[in-house]
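Source file: upload-v4.cif (mmCIF, C-alpha atoms)
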data_run
loop_
_atom_site.label_atom_id
_atom_site.label_comp_id
_atom_site.auth_asym_id
_atom_site.auth_seq_id
_atom_site.Cartn_x
_atom_site.Cartn_y
_atom_site.Cartn_z
CA MET A 1 0.00 0.00 0.00
CA THR A 2 1.31 3.45 -0.87
CA ALA A 3 0.72 6.57 1.17
CA GLY A 4 -1.68 7.63 -1.55
CA ASP A 5 -4.04 4.85 -0.43
CA VAL A 6 -4.21 6.22 3.10
CA ASP A 7 -6.76 8.79 4.19
CA GLY A 8 -5.21 12.14 5.00
CA ASP A 9 -2.49 12.11 2.35
CA ARG A 10 -1.15 15.67 2.35
CA LEU A 11 0.52 15.58 -1.05
CA ALA A 12 -0.87 17.47 -4.00
CA PRO A 13 -2.61 14.94 -6.27
CA ALA A 14 -0.15 15.62 -9.11
CA ALA A 15 2.76 14.82 -6.81
CA ARG A 16 1.58 11.42 -5.55
CA PRO A 17 2.43 9.43 -8.72
CA LEU A 18 5.90 10.98 -8.75
CA VAL A 19 6.52 10.14 -5.10
CA ASP A 20 5.38 6.54 -5.59
CA ALA A 21 7.59 6.07 -8.65
CA LEU A 22 10.61 7.64 -6.95
CA SER A 23 10.08 5.54 -3.83
CA ALA A 24 9.84 2.32 -5.84
CA ALA A 25 13.16 2.99 -7.60
CA PHE A 26 15.06 4.25 -4.55
CA PRO A 27 17.25 1.92 -2.45
CA ASP A 28 15.92 0.79 0.95
CA LEU A 29 18.65 2.70 2.76
CA GLY A 30 19.26 1.53 6.30
CA GLY A 31 17.00 -1.48 5.70
CA THR A 32 17.88 -4.07 3.08
CA VAL A 33 20.57 -1.75 1.68
CA THR A 34 23.32 -0.69 4.07
CA ASP A 35 26.32 -0.36 1.74
CA ALA A 36 26.82 2.93 -0.09
CA ALA A 37 28.38 1.28 -3.14
CA GLU A 38 25.35 -0.98 -3.47
CA ALA A 39 23.01 2.00 -3.15
CA ARG A 40 24.87 3.76 -5.94
CA ARG A 41 24.62 0.66 -8.16
CA ILE A 42 20.86 0.47 -7.60
CA LEU A 43 20.42 4.11 -8.52
CA ALA A 44 22.63 3.77 -11.59
CA ALA A 45 20.57 0.79 -12.79
CA ALA A 46 17.22 2.53 -12.32
CA PRO A 47 15.53 3.64 -15.55
CA SER A 48 15.73 7.36 -16.14
CA ALA A 49 13.03 9.43 -17.77
CA GLU A 50 13.96 10.56 -21.24
CA LYS A 51 13.53 14.31 -21.48
CA ALA A 52 15.07 17.05 -23.55
CA ALA A 53 17.94 18.88 -21.88
CA VAL A 54 17.25 22.49 -21.00
CA PRO A 55 19.31 24.53 -23.49
CA VAL A 56 22.12 26.69 -22.15
CA GLY A 57 24.85 28.67 -23.87
CA GLY A 58 27.63 26.19 -23.15
CA VAL A 59 28.78 23.45 -20.82
CA GLU A 60 32.41 22.91 -19.83
CA GLU A 61 34.00 20.16 -17.75
CA ARG A 62 36.90 21.29 -15.57
CA ALA A 63 39.16 20.05 -12.79
CA VAL A 64 39.86 22.73 -10.20
CA PRO A 65 42.08 22.76 -7.11
CA GLY A 66 40.68 20.99 -4.09
CA PRO A 67 41.63 21.64 -0.46
CA ALA A 68 45.29 21.42 0.52
CA GLY A 69 46.44 17.82 0.30
CA ALA A 70 43.24 16.64 -1.38
CA PRO A 71 42.53 15.73 -5.01
CA ASP A 72 41.32 18.19 -7.60
CA LEU A 73 37.57 18.69 -7.85
CA ALA A 74 35.54 17.98 -10.96
CA VAL A 75 33.18 20.82 -11.80
CA ARG A 76 30.75 21.39 -14.64
CA ILE A 77 30.30 25.00 -15.73
CA TYR A 78 27.04 26.09 -17.36
CA ARG A 79 26.93 29.41 -19.19
CA PRO A 80 23.70 31.19 -20.15
CA GLU A 81 22.68 31.58 -23.78
CA VAL A 82 22.72 35.37 -23.51
CA GLU A 83 25.89 36.67 -21.86
CA SER A 84 25.43 40.43 -22.07
CA GLY A 85 25.98 42.52 -18.97
CA PRO A 86 26.93 41.47 -15.43
CA ARG A 87 25.48 38.24 -14.10
CA PRO A 88 25.75 36.10 -10.98
CA THR A 89 28.06 33.15 -10.47
CA VAL A 90 26.31 30.30 -8.66
CA VAL A 91 28.42 27.64 -6.96
CA PHE A 92 26.01 24.69 -6.84
CA PHE A 93 26.26 21.62 -4.59
CA HIS A 94 24.15 18.58 -5.43
CA GLY A 95 22.05 16.63 -2.95
CA GLY A 96 22.23 12.94 -2.12
CA GLY A 97 22.76 12.75 1.62
CA TYR A 98 26.50 13.46 1.26
CA THR A 99 26.69 9.87 -0.04
CA LEU A 100 24.92 9.59 -3.41
CA CYS A 101 24.48 11.48 -6.70
CA GLY A 102 26.83 13.77 -8.62
CA LEU A 103 27.14 16.07 -11.60
CA ASP A 104 25.00 13.91 -13.90
CA SER A 105 22.13 13.37 -11.47
CA HIS A 106 21.75 17.13 -11.04
CA ASP A 107 22.51 18.19 -14.60
CA ALA A 108 18.89 19.15 -15.27
CA THR A 109 18.68 21.23 -12.08
CA ALA A 110 21.91 23.08 -12.88
CA ARG A 111 20.76 23.72 -16.46
CA THR A 112 17.41 25.02 -15.28
CA LEU A 113 19.03 27.33 -12.74
CA CYS A 114 21.39 28.68 -15.41
CA ALA A 115 18.64 29.21 -17.98
CA GLU A 116 16.11 30.78 -15.61
CA SER A 117 18.44 33.07 -13.65
CA GLY A 118 20.92 34.02 -16.36
CA ALA A 119 23.77 33.02 -14.04
CA VAL A 120 26.92 31.07 -14.70
CA VAL A 121 26.48 27.88 -12.67
CA VAL A 122 29.48 25.95 -11.37
CA SER A 123 28.24 22.50 -10.30
CA VAL A 124 30.66 20.80 -7.91
CA ALA A 125 31.46 17.08 -7.50
CA TYR A 126 32.56 17.02 -3.86
CA ARG A 127 33.91 13.93 -2.15
CA LEU A 128 31.26 11.50 -0.91
CA ALA A 129 30.83 9.57 2.33
CA PRO A 130 31.46 7.05 3.76
CA GLU A 131 34.72 6.90 1.81
CA HIS A 132 35.29 10.56 2.71
CA ARG A 133 33.46 11.56 5.87
CA PHE A 134 32.89 14.98 7.42
CA PRO A 135 34.55 17.43 7.01
CA ALA A 136 35.78 16.39 3.53
CA ALA A 137 32.67 17.63 1.70
CA THR A 138 32.71 20.96 3.54
CA GLU A 139 36.36 21.57 2.72
CA ASP A 140 35.67 20.71 -0.93
CA ALA A 141 32.72 23.11 -0.96
CA TYR A 142 34.83 25.94 0.41
CA ALA A 143 37.67 25.22 -2.02
CA ALA A 144 35.22 25.31 -4.94
CA LEU A 145 33.75 28.58 -3.68
CA CYS A 146 37.23 30.13 -3.42
CA TRP A 147 38.11 29.02 -6.95
CA ALA A 148 34.85 30.28 -8.45
CA ALA A 149 35.10 33.63 -6.67
CA ALA A 150 38.70 34.10 -7.83
CA GLU A 151 37.79 33.20 -11.41
CA THR A 152 34.87 35.61 -11.30
CA ARG A 153 37.07 38.42 -10.01
CA ALA A 154 39.55 37.71 -12.80
CA GLY A 155 36.81 37.86 -15.43
CA ALA A 156 37.27 34.23 -16.45
CA LEU A 157 33.66 33.31 -15.69
CA GLY A 158 32.31 36.57 -17.00
CA GLY A 159 30.20 37.31 -13.97
CA ASP A 160 29.75 40.10 -11.46
CA PRO A 161 32.38 39.78 -8.69
CA GLY A 162 29.83 41.09 -6.21
CA ALA A 163 27.24 38.46 -7.11
CA VAL A 164 28.77 35.12 -6.08
CA VAL A 165 26.05 32.79 -4.78
CA THR A 166 26.22 29.46 -2.96
CA ALA A 167 23.32 27.11 -3.72
CA GLY A 168 22.32 23.51 -3.27
CA ASP A 169 19.52 21.07 -2.62
CA SER A 170 19.24 18.70 0.36
CA SER A 171 22.76 17.90 1.58
CA GLY A 172 23.96 20.37 -1.04
CA GLY A 173 21.83 22.98 0.67
CA GLY A 174 23.67 22.19 3.87
CA LEU A 175 26.97 22.64 2.06
CA ALA A 176 25.80 25.93 0.55
CA THR A 177 25.26 27.47 3.98
CA VAL A 178 28.38 25.85 5.44
CA ALA A 179 30.46 27.30 2.60
CA ALA A 180 29.06 30.71 3.49
CA LEU A 181 29.89 30.10 7.16
CA MET A 182 33.44 29.10 6.27
CA ALA A 183 33.85 32.16 4.06
CA ARG A 184 32.82 34.36 6.97
CA ASP A 185 35.09 32.54 9.41
CA ARG A 186 38.11 32.43 7.08
CA GLY A 187 37.99 35.97 5.75
CA GLY A 188 36.30 35.44 2.42
CA PRO A 189 35.43 35.24 -0.33
CA ALA A 190 32.37 37.46 -0.19
CA VAL A 191 29.06 35.66 -0.79
CA ALA A 192 26.05 37.67 -1.97
CA LEU A 193 23.36 35.06 -1.34
CA GLN A 194 22.87 31.50 -0.11
CA VAL A 195 20.12 29.47 -1.81
CA LEU A 196 19.06 26.54 0.37
CA ILE A 197 16.63 24.10 -1.24
CA TYR A 198 15.10 21.76 1.40
CA PRO A 199 18.49 21.79 3.13
CA VAL A 200 20.03 19.25 5.52
CA LEU A 201 20.96 21.33 8.57
CA ASP A 202 20.70 19.29 11.78
CA ALA A 203 22.16 15.90 12.64
CA GLY A 204 19.87 15.81 15.69
CA GLN A 205 16.93 14.75 13.48
CA SER A 206 14.48 15.58 16.25
CA SER A 207 12.13 18.09 14.64
CA GLY A 208 8.40 17.51 14.39
CA SER A 209 8.53 16.96 10.63
CA TYR A 210 10.82 13.97 11.17
CA THR A 211 7.82 12.36 12.88
CA SER A 212 4.95 13.69 10.78
CA ASN A 213 6.77 12.97 7.49
CA ALA A 214 8.71 9.88 8.57
CA THR A 215 7.34 7.70 5.76
CA GLY A 216 5.20 7.94 2.67
CA TYR A 217 6.74 10.98 0.99
CA PHE A 218 9.84 9.58 -0.77
CA LEU A 219 12.61 10.73 1.60
CA THR A 220 12.11 8.98 4.94
CA ALA A 221 13.42 9.47 8.44
CA ALA A 222 15.18 6.10 8.11
CA HIS A 223 16.97 7.30 4.98
CA MET A 224 18.18 10.35 6.85
CA ARG A 225 19.48 8.28 9.79
CA TRP A 226 21.49 6.20 7.33
CA PHE A 227 22.82 9.25 5.52
CA TRP A 228 24.03 10.82 8.78
CA GLU A 229 25.68 7.56 9.84
CA GLN A 230 27.63 7.50 6.58
CA TYR A 231 28.59 11.15 6.73
CA ILE A 232 29.58 11.56 10.38
CA GLY A 233 30.73 8.02 11.16
CA PRO A 234 31.19 6.57 14.65
CA ASP A 235 33.74 9.15 15.81
CA GLY A 236 32.63 12.34 14.04
CA ASP A 237 31.33 15.45 15.74
CA ALA A 238 27.70 15.77 14.64
CA THR A 239 27.30 18.95 16.68
CA HIS A 240 30.05 20.86 14.87
CA PRO A 241 28.53 23.95 13.23
CA TYR A 242 29.91 22.89 9.86
CA ALA A 243 28.07 19.57 10.23
CA SER A 244 24.87 20.92 11.80
CA PRO A 245 24.66 24.60 10.83
CA LEU A 246 21.25 24.96 12.47
CA GLY A 247 23.23 25.32 15.70
CA ALA A 248 25.84 27.70 14.30
CA ASP A 249 26.43 31.36 15.08
CA VAL A 250 24.89 32.88 11.97
CA THR A 251 25.71 36.54 12.54
CA ALA A 252 27.10 38.38 9.52
CA LEU A 253 26.05 35.69 7.06
CA PRO A 254 24.82 36.70 3.58
CA PRO A 255 21.10 36.87 2.78
CA ALA A 256 19.34 33.58 2.17
CA HIS A 257 16.53 32.19 0.06
CA ILE A 258 15.17 28.99 1.60
CA VAL A 259 12.81 26.51 -0.08
CA THR A 260 10.88 24.06 2.09
CA ALA A 261 8.36 21.32 1.33
CA GLY A 262 5.55 20.47 3.74
CA CYS A 263 5.78 16.70 3.16
CA ASP A 264 9.49 16.40 3.93
CA PRO A 265 11.28 15.23 7.09
CA LEU A 266 13.59 18.23 6.66
CA CYS A 267 10.81 20.82 6.51
CA ASP A 268 11.03 22.05 10.10
CA GLU A 269 14.79 22.51 10.14
CA GLY A 270 14.63 24.68 7.03
CA ILE A 271 11.93 26.82 8.63
CA ALA A 272 13.88 26.98 11.90
CA TYR A 273 17.01 28.11 10.07
CA ALA A 274 15.08 30.93 8.43
CA VAL A 275 13.96 32.07 11.89
CA THR A 276 17.51 31.79 13.25
CA LEU A 277 18.89 33.90 10.41
CA ARG A 278 16.24 36.56 10.80
CA LEU A 279 16.83 36.81 14.54
CA ALA A 280 20.49 37.46 13.72
CA GLY A 281 19.54 40.24 11.33
CA VAL A 282 20.15 38.26 8.12
CA PRO A 283 17.62 39.01 5.34
CA VAL A 284 15.66 35.92 4.31
CA THR A 285 13.13 35.10 1.62
CA ARG A 286 11.34 31.81 1.89
CA GLY A 287 9.20 29.75 -0.46
CA HIS A 288 7.19 27.15 1.46
CA HIS A 289 5.20 24.56 -0.51
CA PRO A 290 2.99 22.61 1.92
CA GLU A 291 1.77 19.92 -0.51
CA MET A 292 5.21 19.11 -1.93
CA PHE A 293 7.87 16.49 -1.17
CA HIS A 294 11.65 16.42 -0.85
CA GLY A 295 13.00 16.70 -4.39
CA PHE A 296 9.95 18.35 -5.96
CA LEU A 297 11.93 21.23 -7.48
CA GLY A 298 13.37 18.79 -10.02
CA PHE A 299 10.01 18.46 -11.78
CA PRO A 300 9.08 21.90 -13.16
CA LEU A 301 7.47 20.37 -16.26
CA LEU A 302 5.05 18.36 -14.11
CA LEU A 303 4.37 20.40 -10.98
CA ASP A 304 3.07 23.95 -10.65
CA ASP A 305 4.82 24.30 -7.29
CA ALA A 306 8.14 23.30 -8.86
CA ARG A 307 7.77 25.95 -11.56
CA ALA A 308 6.96 28.52 -8.90
CA ALA A 309 9.90 27.48 -6.74
CA VAL A 310 12.31 27.63 -9.69
CA ALA A 311 11.05 31.12 -10.54
CA GLU A 312 11.52 32.22 -6.92
CA VAL A 313 15.08 30.87 -6.81
CA ALA A 314 15.93 32.44 -10.17
CA GLU A 315 14.60 35.82 -9.04
CA ALA A 316 16.59 35.67 -5.80
CA VAL A 317 19.78 34.81 -7.72
CA ALA A 318 19.22 37.46 -10.39
CA SER A 319 18.62 40.09 -7.71
CA THR A 320 22.21 39.82 -6.51
CA VAL A 321 23.40 41.70 -9.60
CA SER A 322 20.94 44.59 -9.37
CA SER A 323 21.63 44.94 -5.63
CA ARG A 324 17.94 44.71 -4.82
CA LYS A 325 17.56 43.78 -1.18
CA ILE A 326 15.58 40.67 -0.33
CA SER A 327 13.45 40.49 2.75
CA GLY A 328 10.29 38.79 3.91
CA ASP A 329 8.61 35.82 2.25
CA VAL A 330 7.96 35.17 -1.41
CA GLY A 331 5.97 32.56 -3.28
CA GLY A 332 4.51 29.33 -1.99
CA THR A 333 2.63 29.44 1.29
CA THR A 334 4.52 30.93 4.18
CA GLY A 335 4.28 29.87 7.74
#
Let's see the structure in the file written out as structure tokens.
Amino acid sequence: MTAGDVDGDRLAPAARPLVDALSAAFPDLGGTVTDAAEARRILAAAPSAEKAAVPVGGVEERAVPGPAGAPDLAVRIYRPEVESGPRPTVVFFHGGGYTLCGLDSHDATARTLCAESGAVVVSVAYRLAPEHRFPAATEDAYAALCWAAAETRAGALGGDPGAVVTAGDSSGGGLATVAALMARDRGGPAVALQVLIYPVLDAGQSSGSYTSNATGYFLTAAHMRWFWEQYIGPDGDATHPYASPLGADVTALPPAHIVTAGCDPLCDEGIAYAVTLRLAGVPVTRGHHPEMFHGFLGFPLLLDDARAAVAEVAEAVASTVSSRKISGDVGGTTG
């Protein structure tokens, strides 16, 4: 029985078939599947929907310097079709619980962000757990941010040096805010905006949405327990602010745009982070979509809420060039 057969299903009707299909193809993480390599094999073998790639002006594969003593990082650079005038540079970190996914799995998201916002998007293949546990991914994220900011200042990416943005979905959303934290703590580079799409922010996993959305909406609380076990490991510090930024000192961070989904275990921590930022005087816009699920933004051709969320993100990114201040809530249903 799927959650769609149960009275009280809170998903939008158009989203239920997507959630059921995604759930059927996804590994039973923490259950019958406990090995990360096996989980990756299952995902690689799953059929993918054939759809036309969103056109952009150009795509370039690069290897850029990683952290000191670590390997180079693979990045994929997306350039907009129209490159007139200043534009943002978005350093994008993919989701996957710090353990799964990569440049290919998030190609469509990066293309869409590039096309809709007019930004140059640098998608980053950071090191994955459990082979490389915390803080490897955070150090990779910061190294990629430093490289992209330096290239932007030098004119190599063609963007506005004052409009460097960190962005990501899920665990990538966690890395986007951690990269901004590290930039503040380490004296730069300057970040104009952090875009956090249903971000992973708290290893404590104790919010109300972890209970209310534990099962039935694609990402489950059990999946998240397994992801955190892979990422932190038996001896890692789950309370470190670069692991759980919900508990960090967030003063002097750049403005944020935060996307949350009502049918997502991570919903409450995204909302709580928005509150934490605002209390620290950080401008925040937030798009909350109560009938959506974790991952919904990847389906703008099928879901009205996804199209709205993409438009909200694109507007927030584009606003970094025109220096328009962002404040309050936009789009979706706030709460």
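We find atom CA of Val275 of chain A and atom CA of Thr177 of chain A to be spaced 14.5 Å apart.
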Of A:Ala46, A:Gly95, A:Ala37, A:Pro199, the one nearest to Ala25 of chain A when counting only C-alpha atoms is A:Ala46
Report as a VMD selection string the full result of the PyMOL selection byres ((chain A and resi 178) around 12) when it is applied to this structure. chain A and resid 93 134 to 135 137 to 143 145 166 to 168 171 to 177 179 to 186 191 194 to 196 199 to 202 240 to 250 253 to 254
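Across the model, the gap from atom CA of Ala314 of chain A to atom CA of Ala148 of chain A is 19.1 Å.
Interatomic distance, atom CA of Ala318 of chain A to atom CA of Pro65 of chain A: 27.4 Å.
Each of A:Ala129, A:Ala52, A:Ala70, A:Cys263 was compared to Gly97 of chain A using all atoms listed in the file, and A:Ala129 turns out to be the nearest.
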Long-range neighbours of segment 283-292 of chain A as number ranges by chain, 10 Å cut-off, all atoms listed in the file, 6 positions minimum in chain: A: 9-16, 19, 193-198, 217, 253-264, 267, 270-271, 273-275, 277, 303, 305-306, 308-310, 312-313, 316, 325-335
Enumerate, as a PyMOL selection string, the residues matched when the PyMOL selection byres ((chain A and resi 111-125) around 8) is run on the file above. chain A and resi 53-56+73-83+87-94+102-103+107-110+126-127+141+144+148+157+159+310-311+313-315+317-318
Need the axis-aligned box for segment 158-161 of chain A with 3 Å each side, so what are the centre and edges in Å to one decimal, as AutoDock Vina command-line options?
--center_x 31.1 --center_y 38.3 --center_z -12.8 --size_x 8.6 --size_y 9.5 --size_z 14.3
Kindly provide the residues of segment 63-134 of chain A that approach segment 229-238 of chain A to within 10 Å, each paired with its closest atom pair and their distance in Å to one decimal, based on all atoms listed in the file, listed by chain and increasing number, as CSV.
residue,atom,partner,partner_atom,distance
A:Gly97,CA,A:Tyr231,CA,7.9
A:Tyr98,CA,A:Tyr231,CA,6.3
A:Thr99,CA,A:Gln230,CA,7.1
A:Leu128,CA,A:Tyr231,CA,8.1
A:Ala129,CA,A:Tyr231,CA,5.2
A:Pro130,CA,A:Gln230,CA,4.8
A:Glu131,CA,A:Gln230,CA,8.6
A:His132,CA,A:Tyr231,CA,7.8
A:Arg133,CA,A:Tyr231,CA,5.0
A:Phe134,CA,A:Ile232,CA,5.6
Same residues, C-alpha atoms, saved as a PDB file, in the frame of the given file:
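result_27.pdb written:
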ATOM      1  CA  GLY A  97      22.760  12.750   1.620  1.00  0.00           C
ATOM      2  CA  TYR A  98      26.500  13.460   1.260  1.00  0.00           C
ATOM      3  CA  THR A  99      26.690   9.870  -0.040  1.00  0.00           C
ATOM      4  CA  LEU A 128      31.260  11.500  -0.910  1.00  0.00           C
ATOM      5  CA  ALA A 129      30.830   9.570   2.330  1.00  0.00           C
ATOM      6  CA  PRO A 130      31.460   7.050   3.760  1.00  0.00           C
ATOM      7  CA  GLU A 131      34.720   6.900   1.810  1.00  0.00           C
ATOM      8  CA  HIS A 132      35.290  10.560   2.710  1.00  0.00           C
ATOM      9  CA  ARG A 133      33.460  11.560   5.870  1.00  0.00           C
ATOM     10  CA  PHE A 134      32.890  14.980   7.420  1.00  0.00           C
TER      11      PHE A 134
END
From the list A:Asp304, A:Glu61, A:Asp20, A:Asp160, which residue is nearest Ala192 of chain A when using all atoms listed in the file? A:Asp160
